[in-house]
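Below is one structure, written out as structure tokens; the observations come after it.
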Amino acid sequence: MNFFKNEFDPDNKEITKKVKQWVKTYFGLPDSGCVILVSELKCADEGCPDIETVISVLMQPEIKVYKIGKPLMYVRVHDIEEISKQYLLYNN
Amino acid sequence: MENKKAIPVTVLTGFLGSGKTTLLNRILSENHGKKIAVIENEFGEVGVDNELVIGADEEIFEMNNGCICCTVRGDLIRILDQLMKRKDKLDYIIVETTGMANPAPVAQTFWVDDDIKESYSLDAIVTIVDAKHVWQHIDDSSECKEQIAFADVILLNKTDLVTEDELNKLEKRIKSMNSQAKIHRSKDAIIDLSNILNINAFDLDAKVELNPEFLIEEVPFEWCGIFDFENKEYQLKTSEDPDPSIDIVFVAMKENTESEITKAKKAAIKIFSETYKEVKNDKFLNSNRTLNRLLIEDKEQVFYFKPNKKGCYAVFTQHGPDEFNMVFEMSGENINAQKPLIGIKKHIIPTSIENLKMINPNQVNPIKAIEYAHSHEHDNTVTSVGIEDDSALSIQKVNEWISYLLQNRGTDIFRMKGIMHIDGNDERFVFQGVHMLFDGKADRKWKPDERRRNQIIFIGKNLNREELLSGFKKCIVKKQLNFA
């Protein structure tokens, strides 16, 4: 049994997979030529939430970074839908 | 990181001309039977005809504005994503960085996303150093310092161009910056590949090993004198110190041997992190295992002490004795101990035993004197800070401390690594960190005859040893006095 509540590296594999799939769907991303990264950041800046979810979309030739002001485990499909609007607005 | 099927990755850093390409060619041409992919920035330099040499263009991107801790390599992510599709055909990946690259974004790339963590395991950061020309960069180049600080393995190459003394000097300098890296020497980058590949430096499932000498290069005192004291009253006289106080610790020893001095030194490192006791002019100081803070005024001063018993003592001082004109004298009517110190020359206590001369017949000189390197804890030089202690730690307090460090010191702490003794748990807690990325977990059980202890190493710039020790001490739930 792992006694240590590892707050620094929580096991978010399942939710990461889900979020990646939502990003792909709502952003309308192709099956290849694009990489999605899902990370959590502990931001020390004043005014920032303690933990943010950062979604990076690596397309050629550019990289787009989106932030959701809560930990990954609380990210829901409507959060992705919301940030997808910024992406679609910029790309259409 | 912990997936056994993950492909190991070695990151190869080093300045231009240090021998990276020579080493790469050597690795690729060796008959190891492995399918190795090389991701290199200086594309085309690797001379071996290999279909798996992939060019990269150092596309760095920030996930958080301006924070190095949140910077990763976009080009690497794209390449790694492509290689995932053929990972069954690959045994190993080597990422070569440019000479001026900061290794952090490369290392962080392997921690940033679960899919990457599952598919690849960062094996080690290997830095090649040109033994002759590195002196041109080591003091001024932040990239050079970072490459050394981040390294798990350092290859001192081109050893044929320098003398043995120069190599020793360089090795000492490198160890003061990164006490954990394993250092190898080579000519023409000839090295047994088992020293640089598949060494599991980042794998928490592998045995976490810290160099047992990791405390040696970083001590909070600059001088130690070994004295033979009687069970009598002594005077410690000082004058002219630029600092308002001086810390001094006495440690009784069984005998004047190297092993006893090492024990006393370890004890002193711990005592220097404890709460000090202020001692004013004309007062007694504690002559065994107490951190005495002598309050120094702009005049000659006398402090008194009386050893509990006759014997050998190691006296550790925060600064060299010449800086505050420290001298020991025996008290007593028949001894001329009242001689004014005005006009007394500097270097009253010889800093080396070879120069020992009796200036004052009442003066008590050390039978041995040892100088330590000045601490660099408050400047921006890259250093290592090690903590070793047996005390059990509160897991909740450890969480708070590490969280604080990651958020507030993440930029300056390049690497951290260690083993912790958590209160009430029979398993060791092992951890690794690169800037703000941290990986930690319960490891194997402590063995019945094993000393449960904490061993932690921080490597970075602007490291404040006192602050790190103070944070660590707040995690202690049971204080054990023995420090050996």
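Residues in the structure tokens are numbered from 1 in each chain, the chains being A, B, ... in the order shown, and ligands are numbered from 1 in the order shown.
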
Residues of segment 25-68 of chain A in strand (DSSP E or B), written as an MDAnalysis selection string: chainID A and resid 34:42 51:59 63:68

12 Å contact set for Val19 of chain A, only C-alpha atoms, chain neighbours under 3 positions out, as JSON, numbers by chain: {"A": [12, 13, 14, 15, 16, 22, 23, 24, 25, 26, 27, 36, 37, 38, 39, 53, 54, 55, 56, 68, 72, 73, 74, 75, 76, 77, 78, 79, 80, 81], "B": [114]}

Test item: chain B residues at most 9 Å from chain A, counting only C-alpha atoms, as an MDAnalysis selection string: chainID B and resid 61:64 70 74 77:78 81:82 112:115 395 399 402:403 406:408 425 427 429 436:443

Export of the given selection (C-alpha atoms) as a compact mmCIF listing (two decimals), in the first residue's frame:
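Once written, part_17.txt looks like this:
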```txt
# COMPACT_ATOMS: atom_id res chain seq x y z
CA PHE B 61 7.68 26.64 -25.24
CA GLU B 62 6.43 27.89 -21.92
CA MET B 63 3.33 26.61 -20.22
CA ASN B 64 3.50 29.46 -17.76
CA CYS B 70 7.22 25.18 -16.90
CA GLY B 74 7.93 21.18 -28.35
CA ILE B 77 7.33 16.14 -27.93
CA ARG B 78 6.44 15.93 -31.61
CA ASP B 81 4.93 11.23 -30.34
CA GLN B 82 6.01 9.97 -33.76
CA VAL B 112 5.05 16.73 -18.43
CA ASP B 113 2.46 14.33 -19.78
CA ASP B 114 1.20 10.89 -18.75
CA ASP B 115 1.49 9.40 -22.25
CA ILE B 395 4.31 13.07 6.32
CA ASN B 399 3.99 17.55 2.13
CA ILE B 402 7.99 20.13 -0.39
CA SER B 403 4.97 22.03 -1.72
CA LEU B 406 8.34 23.56 -5.33
CA GLN B 407 6.28 26.70 -5.49
CA ASN B 408 8.74 29.18 -4.06
CA ASN B 425 5.85 3.78 8.37
CA GLU B 427 8.78 1.79 4.17
CA PHE B 429 9.96 7.26 1.00
CA MET B 436 8.88 22.13 -9.96
CA LEU B 437 8.30 18.59 -11.19
CA PHE B 438 8.33 16.05 -8.44
CA ASP B 439 7.96 12.29 -8.24
CA GLY B 440 7.88 10.49 -4.93
CA LYS B 441 6.56 7.29 -3.43
CA ALA B 442 6.93 4.60 -0.80
CA ASP B 443 9.81 2.30 -1.58
```

Closest of A:Ser84, A:Gln21, A:Gly28, A:Gly69 to Ile51 of chain A - atom-to-atom distances counting only C-alpha atoms: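 Closest residue, counting only C-alpha atoms: A:Gly69.
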
Separation of atom CA of Asn286 of chain B from atom CA of Phe250 of chain B, in Å and rounded to one decimal: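 Those two atoms sit 7.8 Å apart.
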
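Distances from B:Ile27, B:Val72, B:Val249, B:Ile459 to Ile174 of chain B were compared using only C-alpha atoms, and the smallest one belongs to B:Ile459.
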
d(atom CA of Asp282 of chain B, atom CA of Ile296 of chain B) in Å: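 Straight-line distance from atom CA of Asp282 of chain B to atom CA of Ile296 of chain B works out to 11.3 Å.
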
Residue neighbourhood Lys397 of chain B, 8 Å, only C-alpha atoms, exclusion window fewer than 3 positions, as a PDB file with C-alpha atoms, in the first residue's frame:
```pdb
ATOM      1  CA  LEU B 393       9.409  13.004   9.811  1.00  0.00           C
ATOM      2  CA  SER B 394       5.720  13.900   9.742  1.00  0.00           C
ATOM      3  CA  GLU B 400       3.777  21.165   3.228  1.00  0.00           C
ATOM      4  CA  TRP B 401       7.537  21.682   3.046  1.00  0.00           C
ATOM      5  CA  LYS B 474      10.051  21.595  11.039  1.00  0.00           C
ATOM      6  CA  CYS B 475       9.116  18.179   9.605  1.00  0.00           C
TER       7      CYS B 475
END
```

Backbone DSSP call of helix (DSSP H, G or I) for segment 146-336 of chain B, listed as a PyMOL selection string: chain B and resi 146-150+159-161+164-177+193-195+258-271+321-323

Neighbour list for Glu274 of chain B as an NGL selection string, cut-off 7 Å, only C-alpha atoms, skip fewer than 3 positions in-chain: :B and (270-271 or 291)
